[in-house]
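Containing mmCIF, C-alpha atoms: my_file-v3.cif.
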data_coords
#
loop_
_atom_site.group_PDB
_atom_site.id
_atom_site.type_symbol
_atom_site.label_atom_id
_atom_site.label_comp_id
_atom_site.auth_asym_id
_atom_site.auth_seq_id
_atom_site.Cartn_x
_atom_site.Cartn_y
_atom_site.Cartn_z
ATOM 1 C CA MET A 71 -133.172 -4.108 185.090
ATOM 2 C CA THR A 72 -133.420 -7.576 183.621
ATOM 3 C CA GLU A 73 -132.382 -8.731 180.167
ATOM 4 C CA LEU A 74 -136.057 -8.968 179.374
ATOM 5 C CA GLY A 75 -136.305 -5.260 179.947
ATOM 6 C CA ASP A 76 -133.518 -4.370 177.529
ATOM 7 C CA GLU A 77 -134.592 -6.835 174.867
ATOM 8 C CA LEU A 78 -138.120 -5.589 174.972
ATOM 9 C CA LEU A 79 -137.169 -1.931 175.151
ATOM 10 C CA VAL A 80 -134.648 -2.094 172.293
ATOM 11 C CA ALA A 81 -137.200 -3.907 170.170
ATOM 12 C CA TYR A 82 -139.686 -1.189 171.131
ATOM 13 C CA VAL A 83 -137.265 1.621 170.223
ATOM 14 C CA ASP A 84 -136.467 -0.093 166.915
ATOM 15 C CA GLY A 85 -140.152 -0.547 166.084
ATOM 16 C CA GLN A 86 -139.836 -4.330 165.986
ATOM 17 C CA LEU A 87 -142.758 -5.158 168.246
ATOM 18 C CA ALA A 88 -146.212 -6.161 167.159
ATOM 19 C CA ARG A 89 -149.017 -3.724 167.923
ATOM 20 C CA LYS A 90 -150.234 -5.758 170.855
ATOM 21 C CA GLN A 91 -146.750 -5.922 172.347
ATOM 22 C CA THR A 92 -146.239 -2.200 171.819
ATOM 23 C CA ARG A 93 -149.414 -1.395 173.721
ATOM 24 C CA ALA A 94 -148.371 -3.705 176.544
ATOM 25 C CA VAL A 95 -144.968 -2.037 176.811
ATOM 26 C CA GLU A 96 -146.473 1.449 176.806
ATOM 27 C CA LYS A 97 -148.857 0.424 179.543
ATOM 28 C CA VAL A 98 -145.957 -0.751 181.703
ATOM 29 C CA LEU A 99 -143.917 2.369 180.918
ATOM 30 C CA ASP A 100 -146.723 4.560 182.210
ATOM 31 C CA GLN A 101 -146.499 2.844 185.568
ATOM 32 C CA ASP A 102 -142.774 2.150 185.912
ATOM 33 C CA ASP A 103 -140.453 5.120 186.225
ATOM 34 C CA VAL A 104 -137.326 2.966 186.274
ATOM 35 C CA LEU A 105 -138.299 1.288 183.026
ATOM 36 C CA ALA A 106 -139.184 4.668 181.512
ATOM 37 C CA ALA A 107 -135.769 6.038 182.486
ATOM 38 C CA ARG A 108 -134.098 3.015 180.906
ATOM 39 C CA LEU A 109 -136.079 3.579 177.744
ATOM 40 C CA ASP A 110 -134.871 7.178 177.653
ATOM 41 C CA ALA A 111 -131.272 6.008 178.042
ATOM 42 C CA LEU A 112 -131.655 3.545 175.157
ATOM 43 C CA LYS A 113 -133.302 6.186 172.972
ATOM 44 C CA HIS A 114 -130.499 8.587 173.814
ATOM 45 C CA ALA A 115 -127.868 6.002 172.873
ATOM 46 C CA HIS A 116 -129.757 5.241 169.679
ATOM 47 C CA ALA A 117 -129.893 8.927 168.723
ATOM 48 C CA ARG A 118 -126.180 9.406 169.331
ATOM 49 C CA LEU A 119 -125.351 6.383 167.182
ATOM 50 C CA GLU A 120 -127.462 7.784 164.365
ATOM 51 C CA ALA A 121 -125.694 11.146 164.681
ATOM 52 C CA ALA A 122 -122.300 9.430 164.535
ATOM 53 C CA PHE A 123 -123.164 7.581 161.347
ATOM 54 C CA GLU A 124 -124.615 10.742 159.823
ATOM 55 C CA ALA A 125 -121.342 12.539 160.532
ATOM 56 C CA ILE A 126 -119.411 9.856 158.643
ATOM 57 C CA LEU A 127 -121.791 10.039 155.690
ATOM 58 C CA ALA A 128 -121.406 13.828 155.513
ATOM 59 C CA GLY A 129 -117.666 13.333 155.170
ATOM 60 C CA GLU A 130 -118.077 10.624 152.534
ATOM 61 C CA GLU A 131 -120.254 12.791 150.339
ATOM 62 C CA MET A 132 -117.447 15.345 150.189
ATOM 63 C CA ASP A 133 -114.820 12.680 149.670
ATOM 64 C CA VAL A 134 -116.561 10.316 147.302
ATOM 65 C CA SER A 135 -115.190 11.928 144.167
ATOM 66 C CA ALA A 136 -111.869 10.373 145.138
ATOM 67 C CA VAL A 137 -113.313 6.915 144.617
ATOM 68 C CA ALA A 138 -113.520 6.369 140.897
ATOM 69 C CA VAL A 139 -115.728 3.556 139.719
ATOM 70 C CA PRO A 140 -113.407 1.262 137.773
ATOM 71 C CA GLN A 141 -113.742 1.609 134.032
ATOM 72 C CA ASP A 142 -114.640 -1.360 131.940
ATOM 73 C CA ASP A 143 -111.845 -3.107 130.090
ATOM 74 C CA GLY A 144 -112.022 -2.569 126.353
ATOM 75 C CA LEU A 145 -114.983 -1.528 124.255
ATOM 76 C CA ARG A 146 -118.298 -2.702 125.606
ATOM 77 C CA ILE A 147 -121.155 -2.792 123.124
ATOM 78 C CA SER A 148 -124.592 -3.496 124.418
ATOM 79 C CA TRP A 149 -126.252 -6.524 122.849
ATOM 80 C CA ARG A 150 -129.401 -4.443 122.550
ATOM 81 C CA ALA A 151 -127.514 -1.879 120.440
ATOM 82 C CA VAL A 152 -126.218 -4.673 118.189
ATOM 83 C CA LYS A 153 -129.750 -5.961 117.621
ATOM 84 C CA VAL A 154 -131.133 -2.501 116.840
ATOM 85 C CA THR A 155 -128.295 -1.792 114.399
ATOM 86 C CA LEU A 156 -128.772 -5.104 112.580
ATOM 87 C CA ALA A 157 -132.511 -4.490 112.285
ATOM 88 C CA ALA A 158 -131.924 -1.004 110.862
ATOM 89 C CA LEU A 159 -129.412 -2.344 108.338
ATOM 90 C CA GLY A 160 -131.896 -5.008 107.236
ATOM 91 C CA ILE A 161 -134.641 -2.455 106.671
ATOM 92 C CA CYS A 162 -132.272 -0.239 104.654
ATOM 93 C CA ALA A 163 -131.204 -3.176 102.496
ATOM 94 C CA ALA A 164 -134.826 -4.131 101.819
ATOM 95 C CA LEU A 165 -135.732 -0.558 100.831
ATOM 96 C CA ALA A 166 -132.716 -0.329 98.529
ATOM 97 C CA ALA A 167 -133.697 -3.591 96.851
ATOM 98 C CA ALA A 168 -137.260 -2.381 96.363
ATOM 99 C CA VAL A 169 -136.033 0.886 94.804
ATOM 100 C CA ALA A 170 -133.757 -1.099 92.476
ATOM 101 C CA GLY A 171 -136.798 -2.864 91.121
ATOM 102 C CA TYR A 172 -136.612 -6.264 92.709
ATOM 103 C CA GLY A 173 -139.944 -5.820 94.412
ATOM 104 C CA TRP A 174 -140.971 -7.573 97.525
ATOM 105 C CA PRO A 175 -140.534 -10.387 98.149
ATOM 106 C CA LEU A 176 -137.240 -10.343 96.314
ATOM 107 C CA SER A 177 -137.247 -12.104 92.969
ATOM 108 C CA LEU A 178 -133.853 -12.313 91.414
ATOM 109 C CA PRO A 179 -133.538 -12.678 87.626
ATOM 110 C CA GLY A 180 -132.802 -16.208 86.566
ATOM 111 C CA LEU A 181 -134.055 -17.703 89.773
ATOM 112 C CA GLY A 182 -137.376 -19.497 89.571
ATOM 113 C CA PRO A 183 -140.063 -19.263 86.916
ATOM 114 C CA GLU A 184 -140.853 -15.817 85.625
ATOM 115 C CA THR A 185 -144.433 -14.787 85.302
ATOM 116 C CA GLN A 186 -145.442 -14.918 81.650
ATOM 117 C CA ILE A 187 -147.742 -12.158 80.561
ATOM 118 C CA GLU A 188 -149.642 -12.920 77.399
ATOM 119 C CA VAL A 189 -149.897 -9.891 75.145
ATOM 120 C CA LEU A 190 -152.825 -10.177 72.773
ATOM 121 C CA PRO A 191 -152.640 -8.581 69.264
ATOM 122 C CA PRO A 192 -155.100 -5.791 68.567
ATOM 123 C CA GLN A 193 -158.333 -7.162 67.275
ATOM 124 C CA THR A 194 -159.729 -6.017 63.913
ATOM 125 C CA PRO A 195 -163.374 -5.217 64.076
ATOM 126 C CA VAL A 196 -165.547 -7.520 61.983
ATOM 127 C CA ASN A 197 -167.644 -4.720 60.593
ATOM 128 C CA GLY A 198 -164.707 -2.492 59.652
ATOM 129 C CA GLY A 199 -164.676 -0.371 62.659
ATOM 130 C CA LEU A 200 -166.813 1.611 64.947
ATOM 131 C CA GLY A 201 -169.140 4.219 63.616
ATOM 132 C CA LYS A 202 -169.946 2.309 60.525
ATOM 133 C CA LYS A 203 -173.333 0.748 60.506
ATOM 134 C CA SER A 204 -174.625 -1.517 57.873
ATOM 135 C CA MET B 1228 -132.518 -11.383 133.057
ATOM 136 C CA GLN B 1229 -130.764 -10.741 129.842
ATOM 137 C CA ALA B 1230 -127.098 -9.978 129.577
ATOM 138 C CA GLU B 1231 -127.420 -6.333 128.593
ATOM 139 C CA ASP B 1232 -129.557 -5.561 131.609
ATOM 140 C CA TYR B 1233 -126.751 -6.298 134.119
ATOM 141 C CA HIS B 1234 -124.726 -3.417 132.811
ATOM 142 C CA ASP B 1235 -127.763 -1.140 132.686
ATOM 143 C CA THR B 1236 -128.719 -1.860 136.297
ATOM 144 C CA VAL B 1237 -125.621 -2.534 138.338
ATOM 145 C CA ARG B 1238 -123.229 0.219 137.294
ATOM 146 C CA PRO B 1239 -125.621 3.206 137.717
ATOM 147 C CA GLY B 1240 -126.881 1.666 140.937
ATOM 148 C CA LEU B 1241 -123.378 1.439 142.364
ATOM 149 C CA ILE B 1242 -122.515 4.988 141.321
ATOM 150 C CA ALA B 1243 -125.658 6.335 142.981
ATOM 151 C CA MET B 1244 -124.793 4.740 146.300
ATOM 152 C CA LEU B 1245 -121.054 5.421 146.389
ATOM 153 C CA PRO B 1246 -121.116 7.577 149.563
ATOM 154 C CA ARG B 1247 -123.052 4.894 151.417
ATOM 155 C CA LEU B 1248 -120.748 2.161 150.175
ATOM 156 C CA LYS B 1249 -117.730 4.229 151.171
ATOM 157 C CA ARG B 1250 -119.114 4.722 154.675
ATOM 158 C CA PHE B 1251 -119.754 0.995 154.940
ATOM 159 C CA ALA B 1252 -116.195 0.160 153.878
ATOM 160 C CA ASP B 1253 -114.708 2.808 156.193
ATOM 161 C CA VAL B 1254 -116.650 1.610 159.228
ATOM 162 C CA LEU B 1255 -115.697 -1.960 158.375
ATOM 163 C CA VAL B 1256 -111.922 -1.417 158.188
ATOM 164 C CA GLY B 1257 -111.794 1.594 160.517
ATOM 165 C CA ALA B 1258 -109.852 4.019 158.343
ATOM 166 C CA ARG B 1259 -110.585 6.230 155.355
ATOM 167 C CA ASP B 1260 -107.680 5.193 153.105
ATOM 168 C CA GLU B 1261 -108.119 1.477 153.688
ATOM 169 C CA GLY B 1262 -111.850 1.877 153.193
ATOM 170 C CA LYS B 1263 -111.317 3.553 149.843
ATOM 171 C CA SER B 1264 -108.912 0.839 148.793
ATOM 172 C CA LEU B 1265 -111.254 -1.965 149.864
ATOM 173 C CA LEU B 1266 -114.187 -0.341 148.099
ATOM 174 C CA GLY B 1267 -112.179 0.034 144.873
ATOM 175 C CA ARG B 1268 -111.286 -3.656 144.863
ATOM 176 C CA ALA B 1269 -114.832 -4.691 145.735
ATOM 177 C CA LEU B 1270 -116.269 -2.488 142.973
ATOM 178 C CA ARG B 1271 -113.969 -4.030 140.379
ATOM 179 C CA ARG B 1272 -115.109 -7.461 141.472
ATOM 180 C CA MET B 1273 -118.781 -6.456 141.440
ATOM 181 C CA LEU B 1274 -118.518 -5.069 137.915
ATOM 182 C CA ALA B 1275 -116.595 -8.096 136.691
ATOM 183 C CA GLU B 1276 -119.145 -10.475 138.201
ATOM 184 C CA GLN B 1277 -122.274 -8.415 137.840
ATOM 185 C CA HIS B 1278 -124.037 -11.347 136.185
ATOM 186 C CA ARG B 1279 -124.366 -12.693 139.725
ATOM 187 C CA TYR B 1280 -126.744 -9.870 140.559
ATOM 188 C CA GLN B 1281 -130.307 -11.172 140.474
ATOM 189 C CA ARG B 1282 -133.268 -9.075 139.435
ATOM 190 C CA GLY B 1283 -135.536 -8.467 142.397
ATOM 191 C CA THR B 1284 -132.689 -8.214 144.883
ATOM 192 C CA ALA B 1285 -132.271 -4.718 146.300
ATOM 193 C CA ILE B 1286 -129.071 -3.406 144.764
ATOM 194 C CA ASP B 1287 -127.892 -1.922 148.061
ATOM 195 C CA VAL B 1288 -128.372 -5.189 149.933
ATOM 196 C CA TRP B 1289 -126.428 -6.975 147.199
ATOM 197 C CA ALA B 1290 -123.653 -4.360 147.050
ATOM 198 C CA PHE B 1291 -123.136 -4.101 150.825
ATOM 199 C CA GLY B 1292 -123.026 -7.880 151.002
ATOM 200 C CA GLU B 1293 -120.453 -8.013 148.214
ATOM 201 C CA VAL B 1294 -118.182 -5.496 149.979
ATOM 202 C CA TYR B 1295 -118.468 -7.449 153.218
ATOM 203 C CA ARG B 1296 -117.776 -10.790 151.537
ATOM 204 C CA HIS B 1297 -114.815 -9.306 149.690
ATOM 205 C CA TRP B 1298 -113.352 -8.041 152.972
ATOM 206 C CA LEU B 1299 -113.935 -11.444 154.573
ATOM 207 C CA HIS B 1300 -112.315 -13.197 151.632
ATOM 208 C CA GLU B 1301 -109.208 -11.022 151.871
ATOM 209 C CA LEU B 1302 -109.094 -11.379 155.637
ATOM 210 C CA ARG B 1303 -108.980 -15.166 155.378
ATOM 211 C CA ASP B 1304 -105.847 -14.902 153.274
ATOM 212 C CA GLN B 1305 -104.034 -13.034 156.030
ATOM 213 C CA ALA B 1306 -101.533 -14.857 158.198
ATOM 214 C CA ASP B 1307 -103.011 -13.203 161.303
ATOM 215 C CA PRO B 1308 -106.644 -12.280 160.554
ATOM 216 C CA VAL B 1309 -107.403 -11.168 164.112
ATOM 217 C CA ALA B 1310 -104.555 -8.655 164.183
ATOM 218 C CA ARG B 1311 -105.482 -7.482 160.673
ATOM 219 C CA ALA B 1312 -109.063 -6.781 161.778
ATOM 220 C CA LYS B 1313 -107.973 -4.490 164.605
ATOM 221 C CA ILE B 1314 -108.234 -0.789 163.968
ATOM 222 C CA ASP B 1315 -106.269 2.258 164.974
ATOM 223 C CA ASP B 1316 -108.310 4.469 167.310
ATOM 224 C CA ALA B 1317 -106.921 7.754 166.002
ATOM 225 C CA ARG B 1318 -107.584 6.861 162.362
ATOM 226 C CA PHE B 1319 -111.015 5.560 163.206
ATOM 227 C CA GLY B 1320 -111.780 8.883 164.911
ATOM 228 C CA GLU B 1321 -110.874 10.744 161.722
ATOM 229 C CA LEU B 1322 -113.916 9.227 160.028
ATOM 230 C CA PHE B 1323 -116.168 11.432 162.154
ATOM 231 C CA TYR B 1324 -114.662 14.821 161.465
ATOM 232 C CA PRO B 1325 -115.876 16.184 158.174
ATOM 233 C CA GLU B 1326 -114.603 19.685 157.539
ATOM 234 C CA GLY B 1327 -116.936 22.421 158.709
ATOM 235 C CA ASP B 1328 -118.970 20.053 160.860
ATOM 236 C CA GLY B 1329 -118.979 20.525 164.604
ATOM 237 C CA TYR B 1330 -119.668 16.885 165.389
ATOM 238 C CA PHE B 1331 -117.609 15.500 168.241
ATOM 239 C CA ASP B 1332 -118.871 12.656 170.411
ATOM 240 C CA ALA B 1333 -115.793 11.077 171.926
ATOM 241 C CA PRO B 1334 -117.577 8.458 174.085
ATOM 242 C CA VAL B 1335 -119.590 7.129 171.152
ATOM 243 C CA ILE B 1336 -116.569 7.141 168.828
ATOM 244 C CA ALA B 1337 -114.460 5.287 171.395
ATOM 245 C CA PHE B 1338 -117.283 2.821 171.963
ATOM 246 C CA LEU B 1339 -117.682 2.088 168.252
ATOM 247 C CA GLY B 1340 -113.940 1.776 167.764
ATOM 248 C CA ALA B 1341 -113.751 -0.890 170.455
ATOM 249 C CA LEU B 1342 -116.414 -3.075 168.835
ATOM 250 C CA PRO B 1343 -115.614 -5.974 166.507
ATOM 251 C CA PRO B 1344 -116.188 -5.089 162.817
ATOM 252 C CA GLN B 1345 -119.323 -7.210 162.467
ATOM 253 C CA GLN B 1346 -120.930 -5.480 165.442
ATOM 254 C CA ARG B 1347 -120.057 -2.019 164.113
ATOM 255 C CA LEU B 1348 -121.629 -2.985 160.809
ATOM 256 C CA THR B 1349 -124.744 -4.274 162.533
ATOM 257 C CA LEU B 1350 -125.247 -0.860 164.122
ATOM 258 C CA LEU B 1351 -124.484 0.940 160.872
ATOM 259 C CA LEU B 1352 -126.870 -1.159 158.808
ATOM 260 C CA VAL B 1353 -129.812 -0.888 161.190
ATOM 261 C CA TYR B 1354 -129.352 2.559 162.759
ATOM 262 C CA GLY B 1355 -127.325 4.291 160.042
ATOM 263 C CA GLU B 1356 -128.860 2.759 156.917
ATOM 264 C CA GLY B 1357 -132.275 1.909 158.315
ATOM 265 C CA PHE B 1358 -132.293 -1.685 157.053
ATOM 266 C CA GLU B 1359 -134.735 -4.199 158.444
ATOM 267 C CA HIS B 1360 -133.170 -6.948 160.502
ATOM 268 C CA GLU B 1361 -133.737 -9.440 157.683
ATOM 269 C CA ASP B 1362 -131.785 -7.356 155.166
ATOM 270 C CA ALA B 1363 -128.968 -6.639 157.618
ATOM 271 C CA ALA B 1364 -128.821 -10.370 158.320
ATOM 272 C CA ARG B 1365 -128.614 -11.133 154.607
ATOM 273 C CA ILE B 1366 -125.739 -8.683 154.163
ATOM 274 C CA LEU B 1367 -123.743 -10.037 157.080
ATOM 275 C CA ASP B 1368 -124.700 -13.654 156.419
ATOM 276 C CA VAL B 1369 -126.199 -14.283 159.858
ATOM 277 C CA SER B 1370 -129.710 -14.889 161.126
ATOM 278 C CA PRO B 1371 -132.134 -12.027 161.914
ATOM 279 C CA GLU B 1372 -132.130 -13.266 165.500
ATOM 280 C CA THR B 1373 -128.398 -12.697 165.663
ATOM 281 C CA ILE B 1374 -128.888 -9.131 164.451
ATOM 282 C CA ALA B 1375 -131.555 -8.547 167.111
ATOM 283 C CA ALA B 1376 -129.388 -10.043 169.837
ATOM 284 C CA ARG B 1377 -126.412 -7.887 168.821
ATOM 285 C CA LEU B 1378 -128.524 -4.754 168.857
ATOM 286 C CA VAL B 1379 -129.830 -5.474 172.338
ATOM 287 C CA ARG B 1380 -126.409 -6.167 173.748
ATOM 288 C CA ILE B 1381 -124.648 -3.242 172.085
ATOM 289 C CA SER B 1382 -127.428 -0.727 172.736
ATOM 290 C CA ALA B 1383 -127.647 -1.730 176.385
ATOM 291 C CA SER B 1384 -123.895 -1.510 176.733
ATOM 292 C CA LEU B 1385 -123.735 1.956 175.175
ATOM 293 C CA ALA B 1386 -126.666 3.179 177.240
ATOM 294 C CA ASP B 1387 -124.894 1.927 180.358
ATOM 295 C CA ARG B 1388 -121.702 3.680 179.387
ATOM 296 C CA LEU B 1389 -123.377 6.957 178.531
ATOM 297 C CA SER B 1390 -125.383 7.005 181.724
ATOM 298 C CA ALA B 1391 -122.501 5.589 183.794
ATOM 299 C CA ARG B 1392 -124.781 2.813 184.904
ATOM 300 C CA ALA B 1393 -123.418 -0.484 186.139
ATOM 301 C CA PRO B 1394 -124.271 -3.351 183.803
ATOM 302 C CA ALA B 1395 -126.883 -5.827 184.940
ATOM 303 C CA SER B 1396 -125.593 -8.722 186.970
ATOM 304 C CA ALA B 1397 -125.984 -12.216 185.608
ATOM 305 C CA ALA B 1398 -128.346 -13.118 188.421
ATOM 306 C CA ALA B 1399 -130.763 -10.452 187.292
ATOM 307 C CA ILE B 1400 -131.107 -12.024 183.855
ATOM 308 C CA VAL B 1401 -134.118 -14.156 184.494
ATOM 309 C CA GLU B 1402 -136.336 -13.818 181.483
ATOM 310 C CA THR B 1403 -136.037 -13.366 177.754
ATOM 311 C CA LEU B 1404 -138.303 -11.982 175.085
ATOM 312 C CA TYR B 1405 -137.689 -14.758 172.584
ATOM 313 C CA PRO B 1406 -137.932 -18.511 173.046
ATOM 314 C CA GLU B 1407 -134.505 -19.993 173.665
ATOM 315 C CA GLY B 1408 -134.408 -21.775 170.320
ATOM 316 C CA LEU B 1409 -134.941 -18.564 168.392
ATOM 317 C CA ARG B 1410 -132.302 -16.468 170.104
ATOM 318 C CA GLY B 1411 -129.237 -15.714 168.058
ATOM 319 C CA SER B 1412 -125.707 -16.015 169.256
ATOM 320 C CA PRO B 1413 -123.777 -13.058 167.907
#

What would the structure in this file look like if it were written as structure tokens?
Amino acid sequence: MTELGDELLVAYVDGQLARKQTRAVEKVLDQDDVLAARLDALKHAHARLEAAFEAILAGEEMDVSAVAVPQDDGLRISWRAVKVTLAALGICAALAAAVAGYGWPLSLPGLGPETQIEVLPPQTPVNGGLGKKS
Amino acid sequence: MQAEDYHDTVRPGLIAMLPRLKRFADVLVGARDEGKSLLGRALRRMLAEQHRYQRGTAIDVWAFGEVYRHWLHELRDQADPVARAKIDDARFGELFYPEGDGYFDAPVIAFLGALPPQQRLTLLLVYGEGFEHEDAARILDVSPETIAARLVRISASLADRLSARAPASAAAIVETLYPEGLRGSP
């Protein structure tokens, strides 16, 4: 067995070959019993490695509760929460101001010119009132 | 990425993959207690520096890489890094014996225990975690060609050992799959 054989076969087992290369390897494997036996040995080794790592993971899943993720130091407040809270407070303040009669936009007494509303006196009819006809 | 999103992404992501991270740390240092300790320190660092996580990066690739870099960083501070990286065979074997599981593969366990940490991790990342060579290379800070070369060498060596086959002689190595310039040197 040459290094070429192992390189190519490991890449084949790992699915790292291009389609054209895969077909070429399979063609050779059909005709070469020694190469096919080597492939089986590499697949067998691969499968036993996977089983070994699976066995470790099974143990970790039982044991992982012992590893506590470190807690954050102090109080952590999300910046998003701060923004939402400030927006809510602003809306509440605006509603309270509207209820108090400031209207919207806010117009505070004493600030800026007030709108003057001209109130006209009641007009006296020239002919003495309605219903009377001359 | 905004600041609030780090906390929303990193912490739940790390919690979800704790068993995998623990396995990675255990295989790296070769013992359950030391693995737990290493993972705890690495997690604290990840949470403290989670702003370094970049959106679009797979969280597992980032987290495995952080654990590995943390281990490397601590190893460099040791007076004798080579001795520190060696593992105890008996304690390494304990990683494979979960209660109630009948798994026992002494040749494979002995083989893995004799490998350098980076080579054990290469096998774990590709065969245990199913990472592509590129992602495994990113985690271990090597080239994908190095990952491929390690896999060939280790797989061939294990296959030889399991089938009691003599390793190939140097004279038989006459061809390679990759051009010389692209081959990694693990």

Can you translate the PyMOL selection byres ((chain B and resi 1320) around 9) into the concrete residues it hits in this file, as a VMD selection string?
chain B and resid 1257 to 1258 1315 to 1319 1321 to 1324 1333 1336 to 1337 1340

Name the residues that the PyMOL selection byres ((chain A and resi 125) around 8) pulls out of this structure, and write them as a list of chain:residue names.
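Expected selection for the PyMOL selection byres ((chain A and resi 125) around 8) here is A:Ala121, A:Ala122, A:Phe123, A:Glu124, A:Ile126, A:Leu127, A:Ala128, A:Gly129, B:Phe1323, B:Tyr1324, B:Pro1325, B:Asp1328, B:Tyr1330.
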
Counting all atoms listed in the file, closest pick from A:Val104, A:Leu119, A:Val95, A:Leu156 relative to chain B is A:Leu119

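Proximity ranking of B:Val1288, B:Ile1381, B:Ala1252, B:Ala1364 relative to Arg1268 (chain B) places B:Ala1252 first, based on all atoms listed in the file.
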
Do you know which residues the PyMOL selection byres ((chain B and resi 1244) around 12) returns on this file, as a PyMOL selection string?
(chain A and resi 127+130-131+134+137+139) or (chain B and resi 1237-1243+1245-1251+1266+1270+1286-1291+1356)

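Closest to chain A among B:Lys1313, B:Arg1365, B:Arg1271, B:Arg1259 is B:Arg1271, based on all atoms listed in the file.
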
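Here the question is which of B:Phe1338, B:Phe1358, B:Asp1332, B:Arg1347 gets nearest to Asp1253 (chain B) using all atoms listed in the file, and that residue is B:Arg1347.
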
Residue nearest chain B among A:Leu165, A:Val98, A:Leu105, A:Arg118 (counting all atoms listed in the file)
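Using all atoms listed in the file, chain B sits closest to A:Arg118.
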
List the neighbours of Glu96 (chain A) out to 12 Å using only C-alpha atoms; skip same-chain residues closer than 5 positions along the sequence, and give me the result as number ranges by chain.
A: 78-79, 82-83, 87, 89-91, 101-103, 105-106, 109

Please determine, counting all atoms listed in the file, which residue among B:Leu1385, B:Ser1390, B:Asp1307, B:Leu1378 has the shortest atom-to-atom distance to Ala1341 (chain B).
B:Leu1385

Take CA of Leu99 (chain A) and CA of Pro1371 (chain B) and report the distance between them in Å, one decimal.
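Calculated distance between CA of Leu99 (chain A) and CA of Pro1371 (chain B) is 26.6 Å.
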
Expressed in Å to a single decimal, how great is the separation between CA of Asp1387 (chain B) and CA of Asp1362 (chain B)?
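That distance, rounded to one decimal, is 27.7 Å.
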
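The two atoms in question, CA of Glu1276 (chain B) and CA of Glu1261 (chain B), are spaced 22.5 Å apart.
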